[in-house]
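Report on the following structure.
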Amino acid sequence: MKNIKILYTAVICLLLTIISCSDVLDTEASDAFAEDLIYSDPAQVERLVYTVYNSTESWGVNKQQWWPRRFNLEGASFEGKFNFNNLDLFRLQALWNPNNVGVFTEKWANYFDYLRLANEFLDRIDGSEAMSKDPGRINMLKGEMKFLRANIYAKLVSYYGGVPIMEHALNLNDNFNLERNSYEDCVDFIVNELNEAAELLPENRPASEFGRATKVAALAVKSRTLLYAASKLHDPSTAPNGPLYDYTKASKWQDASDAALAVIELVGARDLISVANAVDYQQLFLSPNQDILFARPYGSAYYDFGTDVNSLPDQTQSPSGYGGWALSSPSHNFALQFNMADGTTTKGSTFDASNPNANREMRYYADLNFNGATFRGRQVEYYLSEDTSVYPHGLDSPEGLGNVLHSSKTGYNIRKFQDESLVQLTDISAQRPYILYRLAEIYLNYAEAQYQLGNESESRMFLNKVAERALLPAITASGPELLEAIKRERRVELAFEGHNFFDERRWMNEAHLGYDIKGLTWTKAKDGSLSFKEYTVMTRPWDTKQYYLPIPASEVEKAPALEQNAGY
């Protein structure tokens with residue numbers, strides 16, 4: 001595996017570079033071992049934990065590369081596509097192979113690099129001088145590192161299926177030709193790690209520690225992990241199957257339900273923060289609040305890009321006419337997932353196909369920019385003019401302002417997460433979080449598990465905590481229609497938060513994995529009227545092997561015992 005044989009002293013040198021400004025190191029004897037200096041001081045130990053917090057990622061799908069640091073999984077999901085110049089950066093048109101997965105490259109190596117750091121820490125911390133000096137503080141840091149290690153494994157198994165479980169750092173005498181553990185063994189390991197972490201972590205943190213792990217955060221990761229494990233993709237009856245992919249426990253849906261319920265009981269099954277309109281809803285994603293269970297904070301303390309404003313959505317997702325890069329285009333297919341304000345779907349009689357932006361549910365206006373949306377003081381203009389001597393082309397059109405290679409290919413842009421109070425797209429919005437786990441997800445996890453257990457009344461109760469907060473009428477569906485309502489609510493409520501890429505796969509919903517990506521082209525006539533046409537932006541192919549990423553070919557060459565994923 002990449003970097004797995006790097007000597008421990010090299011790791012310490014890297015960490016010393018990160019923390020070289022510390023006064024502690026300036027006052028210690030010059031002949032002391034670096035690792036002893038670090039593990040003797042609680043403050044330095046804490047900085048080791050900060051380094052591994054970067055494994056949780058943030059706005060970017062791949063922080064090792066400049067472009068994918070600035071967009072996430074929405075462009076590889078049913079939600080939309082990568083926008084700039086129609087580039088295939090996710091390699092979805094060409095289909096993945098072990099030598100090329102586009103911007104997913106380095107996922108495997110990066111995660112295992114962080115696991116190595118976590119294992120080095122956990123191997124040394126119990127017998128360290130720092131532990132004897134301040135056991136309360138160091139045990140809490142140990143809980144954070146266990147949380148982070150489990151979270152890394154949770155992401156690895158979502159992308160790859162079963163992976164090698166490494167509980168200790170490898171040394172030069174160990175076998176580096178590791179085999180993959182079963183998916184079920186990996187889930188068990190993750191759950192056990194999170195249970196141990198939860199015992200060491202505080203239930204809550206002061207505002208000054210926003211972004212640090214808590215007991216609630218650990219239980220939230222457990223909830224998602226067990227929900228995914230219980231899903232259709234991991235049933236032995238579905239393909240791909242076998243130990244690397246299967247979860248065989250008869251209690252799987254009860255376990256998923258119990259994991260979500262543990263979080264619900266800690267928060268008191270409270271209502272989600274209420275909102276009166278789309279603007280209120282937008283604000284939920286701009287600053288810390290009680291519904292956020294775990295998030296990456298935007299700041300220099302434990303954020304690996306410090307205050308790199310160009311990684312934030314104001315610059316990266318605003319329409320091109322505003323000077324934005326519009327890196328992800330929501331599809332018209334996905335826009336149709338948003339219901340009408342009266343709770344009916346866009347397949348019903350209240351949807352006016354000639355006026356698709358009228359009378360939609362609140363989150364449509366909070367999450368999407370569309371032609372005619374009022375955004376940053378003016379209306380969004382994706383239209384081309386029929387006669388430029390009468391009306392100029394729209395400011396956000398392919399003939400508009402800014403770099404027109406960034407103009408939306410679908411007639412939509414992402415509005416969610418943007419701070420419209422900023423004067424410039426490159427201004428800083430202090431403490432804006434990248435939300436990784438929040439209460440609405442837990443309620444939807446519980447609703448889905450309860451449905452699968454046959455408890456429809458309980459399922460609807462928690463589904464409606466989410467839907468009614470979004471100002472929709474209570475959902476009364478039952479049977480398969482209730483399950484579809486749960487799936488739709490996940491798509492809309494959790495839009496652009498990195499869920500849909502995995503949700504459609506675990507549901508094995510191939511209609512949302514391979515399909516024609518639809519967009520709208522708008523025209524402004526000489527009389528000032530606007531019209532649009534729906535068109536196919538591109539066709540996204542699908543191959544069943546793409547339920548999982550391939551293990552990188554270079555890793556299999558180094559460790560031949562690593563079994564490649566099915567179809568690759």
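By order in the structure tokens, chains are A, B, ...; within a chain, residues start at 1; ligands start at 1, following the order shown.
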So that I can see what lies close to segment 203-212 of chain A, please list as a PyMOL selection string the residues with an atom at most 12 Å from it, counting only C-alpha atoms and leaving out residues fewer than 3 positions away in the same chain. chain A and resi 46+49-50+52-54+56+58+140-141+143-145+147-148+197-200+215-219+263+266-267+287-290+292-299+301-303+431-437
Write out as CSV the residues of segment 407-507 of chain A that have any atom within 9 Å of an atom of segment 538-552 of chain A, one row each with the nearest atom pair and its distance in Å to one decimal, counting only C-alpha atoms, sorted by chain and then rising number.
residue,atom,partner,partner_atom,distance
A:Phe502,CA,A:Tyr547,CA,8.8
A:Arg505,CA,A:Tyr547,CA,6.0
A:Arg506,CA,A:Tyr547,CA,8.2
Please extract the residues of segment 362-447 of chain A with a backbone DSSP assignment of alpha helix (DSSP H) and present them as a list in words. Met362, Arg363, Tyr364, Tyr365, Ala366, Asp367, Leu439, Ala440, Glu441, Ile442, Tyr443, Leu444, Asn445, Tyr446 and Ala447 of chain A
Dump N, CA and C atoms for the selected residues as a PDB file, in the first residue's frame?
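Once everything was written out, this is result.pdb:
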ATOM      1  N   MET A 362     -40.709  24.806  -0.210  1.00  0.00           N
ATOM      2  CA  MET A 362     -39.775  25.821   0.259  1.00  0.00           C
ATOM      3  C   MET A 362     -38.323  25.489  -0.072  1.00  0.00           C
ATOM      4  N   ARG A 363     -37.917  24.226   0.058  1.00  0.00           N
ATOM      5  CA  ARG A 363     -36.516  23.870  -0.137  1.00  0.00           C
ATOM      6  C   ARG A 363     -36.068  24.027  -1.584  1.00  0.00           C
ATOM      7  N   TYR A 364     -36.995  24.018  -2.510  1.00  0.00           N
ATOM      8  CA  TYR A 364     -36.660  24.284  -3.904  1.00  0.00           C
ATOM      9  C   TYR A 364     -36.037  25.669  -4.030  1.00  0.00           C
ATOM     10  N   TYR A 365     -36.626  26.629  -3.360  1.00  0.00           N
ATOM     11  CA  TYR A 365     -36.157  28.017  -3.439  1.00  0.00           C
ATOM     12  C   TYR A 365     -34.914  28.233  -2.575  1.00  0.00           C
ATOM     13  N   ALA A 366     -34.737  27.430  -1.541  1.00  0.00           N
ATOM     14  CA  ALA A 366     -33.563  27.552  -0.681  1.00  0.00           C
ATOM     15  C   ALA A 366     -32.332  26.884  -1.286  1.00  0.00           C
ATOM     16  N   ASP A 367     -32.541  25.806  -2.038  1.00  0.00           N
ATOM     17  CA  ASP A 367     -31.420  24.962  -2.468  1.00  0.00           C
ATOM     18  C   ASP A 367     -30.959  25.221  -3.892  1.00  0.00           C
ATOM     19  N   LEU A 439     -29.196  16.128  12.688  1.00  0.00           N
ATOM     20  CA  LEU A 439     -30.331  15.449  13.286  1.00  0.00           C
ATOM     21  C   LEU A 439     -31.362  15.016  12.254  1.00  0.00           C
ATOM     22  N   ALA A 440     -31.579  15.813  11.224  1.00  0.00           N
ATOM     23  CA  ALA A 440     -32.554  15.432  10.200  1.00  0.00           C
ATOM     24  C   ALA A 440     -32.195  14.089   9.573  1.00  0.00           C
ATOM     25  N   GLU A 441     -30.907  13.843   9.354  1.00  0.00           N
ATOM     26  CA  GLU A 441     -30.498  12.555   8.804  1.00  0.00           C
ATOM     27  C   GLU A 441     -30.861  11.424   9.762  1.00  0.00           C
ATOM     28  N   ILE A 442     -30.633  11.624  11.049  1.00  0.00           N
ATOM     29  CA  ILE A 442     -30.935  10.578  12.025  1.00  0.00           C
ATOM     30  C   ILE A 442     -32.426  10.252  12.015  1.00  0.00           C
ATOM     31  N   TYR A 443     -33.275  11.277  11.934  1.00  0.00           N
ATOM     32  CA  TYR A 443     -34.717  11.037  11.882  1.00  0.00           C
ATOM     33  C   TYR A 443     -35.094  10.255  10.629  1.00  0.00           C
ATOM     34  N   LEU A 444     -34.423  10.549   9.520  1.00  0.00           N
ATOM     35  CA  LEU A 444     -34.701   9.819   8.283  1.00  0.00           C
ATOM     36  C   LEU A 444     -34.129   8.402   8.342  1.00  0.00           C
ATOM     37  N   ASN A 445     -32.983   8.230   8.982  1.00  0.00           N
ATOM     38  CA  ASN A 445     -32.445   6.878   9.203  1.00  0.00           C
ATOM     39  C   ASN A 445     -33.446   6.031   9.996  1.00  0.00           C
ATOM     40  N   TYR A 446     -33.960   6.629  11.051  1.00  0.00           N
ATOM     41  CA  TYR A 446     -34.906   5.917  11.918  1.00  0.00           C
ATOM     42  C   TYR A 446     -36.207   5.610  11.169  1.00  0.00           C
ATOM     43  N   ALA A 447     -36.684   6.570  10.393  1.00  0.00           N
ATOM     44  CA  ALA A 447     -37.912   6.358   9.622  1.00  0.00           C
ATOM     45  C   ALA A 447     -37.750   5.197   8.648  1.00  0.00           C
TER      46      ALA A 447
END
Counting only C-alpha atoms, the option among A:Thr346, A:Asn181, A:Asn100, A:Glu57 closest to Asn72 of chain A: A:Glu57
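The closest residue to Pro135 of chain A, picked from A:Ser40, A:Gln564, A:Ser457, A:Thr316 and counting only C-alpha atoms, is A:Ser40.
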Selection near Ser459 of chain A, 7 Å with only C-alpha atoms, sequence-local residues under 5 positions removed, as a ChimeraX atom specification: /A:447-448,450-451
With all heavy atoms kept, could you save the residues just selected as a short mmCIF file (atom, residue, chain, number, x, y, z; two decimals), in the first residue's frame?
data_model
loop_
_atom_site.label_atom_id
_atom_site.label_comp_id
_atom_site.auth_asym_id
_atom_site.auth_seq_id
_atom_site.Cartn_x
_atom_site.Cartn_y
_atom_site.Cartn_z
N ALA A 447 -36.68 6.57 10.39
CA ALA A 447 -37.91 6.36 9.62
C ALA A 447 -37.75 5.20 8.65
O ALA A 447 -38.65 4.36 8.50
CB ALA A 447 -38.28 7.64 8.87
N GLU A 448 -36.60 5.12 7.98
CA GLU A 448 -36.37 4.04 7.02
C GLU A 448 -36.28 2.69 7.72
O GLU A 448 -36.86 1.69 7.26
CB GLU A 448 -35.10 4.32 6.22
CG GLU A 448 -34.86 3.33 5.10
CD GLU A 448 -33.70 3.72 4.20
OE1 GLU A 448 -33.23 4.88 4.26
OE2 GLU A 448 -33.25 2.84 3.43
N GLN A 450 -37.53 1.87 10.68
CA GLN A 450 -38.84 1.52 11.23
C GLN A 450 -39.79 1.03 10.12
O GLN A 450 -40.57 0.10 10.34
CB GLN A 450 -39.44 2.72 11.95
CG GLN A 450 -38.85 2.96 13.33
CD GLN A 450 -39.24 1.87 14.32
OE1 GLN A 450 -40.42 1.70 14.64
NE2 GLN A 450 -38.25 1.11 14.80
N TYR A 451 -39.70 1.63 8.95
CA TYR A 451 -40.52 1.14 7.84
C TYR A 451 -40.17 -0.32 7.52
O TYR A 451 -41.05 -1.17 7.34
CB TYR A 451 -40.31 2.00 6.59
CG TYR A 451 -40.97 1.40 5.37
CD1 TYR A 451 -42.31 1.62 5.10
CD2 TYR A 451 -40.25 0.56 4.52
CE1 TYR A 451 -42.92 1.03 4.00
CE2 TYR A 451 -40.85 -0.05 3.42
CZ TYR A 451 -42.19 0.20 3.17
OH TYR A 451 -42.81 -0.40 2.09
#
In terms of the shortest atom-to-atom distance over only C-alpha atoms, which of A:Val380, A:Asp235, A:Asn413, A:Phe496 is closest to Val61 of chain A? A:Phe496
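Distance check against Leu244 of chain A using only C-alpha atoms: of A:Arg180, A:Arg224, A:Arg91, A:His406, the minimum falls on A:Arg180.
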Selection near Gly402 of chain A, 12 Å with only C-alpha atoms, sequence-local residues under 3 positions removed, as number ranges by chain: A: 318-326, 394-399, 405-407
May I have the selected residues written with N, CA, C and O atoms, as an mmCIF file, in the first residue's frame?
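Wrote out-v9.cif, looks like this:
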data_model
loop_
_atom_site.group_PDB
_atom_site.id
_atom_site.type_symbol
_atom_site.label_atom_id
_atom_site.label_comp_id
_atom_site.auth_asym_id
_atom_site.auth_seq_id
_atom_site.Cartn_x
_atom_site.Cartn_y
_atom_site.Cartn_z
ATOM 1 N N SER A 318 -21.618 29.670 -7.285
ATOM 2 C CA SER A 318 -22.463 30.751 -7.802
ATOM 3 C C SER A 318 -22.485 30.729 -9.321
ATOM 4 O O SER A 318 -21.513 30.313 -9.959
ATOM 5 N N PRO A 319 -23.590 31.193 -9.931
ATOM 6 C CA PRO A 319 -23.654 31.247 -11.394
ATOM 7 C C PRO A 319 -22.537 32.096 -11.990
ATOM 8 O O PRO A 319 -22.000 33.003 -11.344
ATOM 9 N N SER A 320 -22.211 31.816 -13.236
ATOM 10 C CA SER A 320 -21.058 32.435 -13.889
ATOM 11 C C SER A 320 -21.186 33.946 -14.013
ATOM 12 O O SER A 320 -20.176 34.654 -13.953
ATOM 13 N N GLY A 321 -22.393 34.459 -14.161
ATOM 14 C CA GLY A 321 -22.573 35.902 -14.313
ATOM 15 C C GLY A 321 -22.240 36.691 -13.067
ATOM 16 O O GLY A 321 -22.043 37.908 -13.122
ATOM 17 N N TYR A 322 -22.166 36.014 -11.936
ATOM 18 C CA TYR A 322 -21.797 36.656 -10.673
ATOM 19 C C TYR A 322 -20.292 36.550 -10.422
ATOM 20 O O TYR A 322 -19.805 36.986 -9.374
ATOM 21 N N GLY A 323 -19.582 35.943 -11.364
ATOM 22 C CA GLY A 323 -18.169 35.674 -11.168
ATOM 23 C C GLY A 323 -17.912 34.336 -10.516
ATOM 24 O O GLY A 323 -16.771 34.010 -10.184
ATOM 25 N N GLY A 324 -18.971 33.535 -10.325
ATOM 26 C CA GLY A 324 -18.818 32.218 -9.721
ATOM 27 C C GLY A 324 -18.339 31.193 -10.724
ATOM 28 O O GLY A 324 -18.356 31.417 -11.937
ATOM 29 N N TRP A 325 -17.928 30.051 -10.182
ATOM 30 C CA TRP A 325 -17.395 28.977 -11.020
ATOM 31 C C TRP A 325 -18.427 27.903 -11.321
ATOM 32 O O TRP A 325 -18.197 27.058 -12.193
ATOM 33 N N ALA A 326 -19.558 27.898 -10.609
ATOM 34 C CA ALA A 326 -20.674 27.001 -10.927
ATOM 35 C C ALA A 326 -20.198 25.585 -11.227
ATOM 36 O O ALA A 326 -20.567 24.988 -12.238
ATOM 37 N N GLY A 394 -28.845 36.740 -21.439
ATOM 38 C CA GLY A 394 -28.843 36.717 -19.983
ATOM 39 C C GLY A 394 -27.436 36.758 -19.408
ATOM 40 O O GLY A 394 -26.488 36.205 -19.976
ATOM 41 N N LEU A 395 -27.296 37.400 -18.262
ATOM 42 C CA LEU A 395 -25.983 37.588 -17.648
ATOM 43 C C LEU A 395 -25.318 36.267 -17.269
ATOM 44 O O LEU A 395 -24.094 36.188 -17.183
ATOM 45 N N ASP A 396 -26.122 35.215 -17.035
ATOM 46 C CA ASP A 396 -25.588 33.921 -16.600
ATOM 47 C C ASP A 396 -25.652 32.870 -17.698
ATOM 48 O O ASP A 396 -25.451 31.688 -17.440
ATOM 49 N N SER A 397 -25.908 33.315 -18.903
ATOM 50 C CA SER A 397 -26.062 32.418 -20.045
ATOM 51 C C SER A 397 -24.706 32.088 -20.664
ATOM 52 O O SER A 397 -23.678 32.662 -20.281
ATOM 53 N N PRO A 398 -24.677 31.192 -21.642
ATOM 54 C CA PRO A 398 -23.425 30.888 -22.339
ATOM 55 C C PRO A 398 -22.850 32.075 -23.114
ATOM 56 O O PRO A 398 -21.718 31.992 -23.599
ATOM 57 N N GLU A 399 -23.616 33.164 -23.220
ATOM 58 C CA GLU A 399 -23.146 34.388 -23.873
ATOM 59 C C GLU A 399 -23.122 35.546 -22.883
ATOM 60 O O GLU A 399 -23.115 36.708 -23.290
ATOM 61 N N LEU A 405 -17.446 29.269 -19.944
ATOM 62 C CA LEU A 405 -17.270 27.822 -19.819
ATOM 63 C C LEU A 405 -17.881 27.320 -18.512
ATOM 64 O O LEU A 405 -18.175 26.133 -18.370
ATOM 65 N N HIS A 406 -18.078 28.248 -17.553
ATOM 66 C CA HIS A 406 -18.704 27.910 -16.278
ATOM 67 C C HIS A 406 -20.229 28.075 -16.312
ATOM 68 O O HIS A 406 -20.893 27.795 -15.313
ATOM 69 N N SER A 407 -20.790 28.540 -17.407
ATOM 70 C CA SER A 407 -22.239 28.730 -17.442
ATOM 71 C C SER A 407 -22.948 27.395 -17.279
ATOM 72 O O SER A 407 -22.468 26.355 -17.741
#
Run DSSP on the backbone of this structure and report the residues of segment 286-522 of chain A it assigns to strand (DSSP E or B), as a VMD selection string. chain A and resid 292 to 296 328 to 330 340 360 368 to 370 374 to 375 378 to 379 384 to 385 412 to 414 434 to 438 515 to 522
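For the choices A:Asp126, A:Glu167, A:Asp503, A:Glu458, the atom-to-atom distance to Leu482 of chain A is smallest for A:Glu458 when using only C-alpha atoms.
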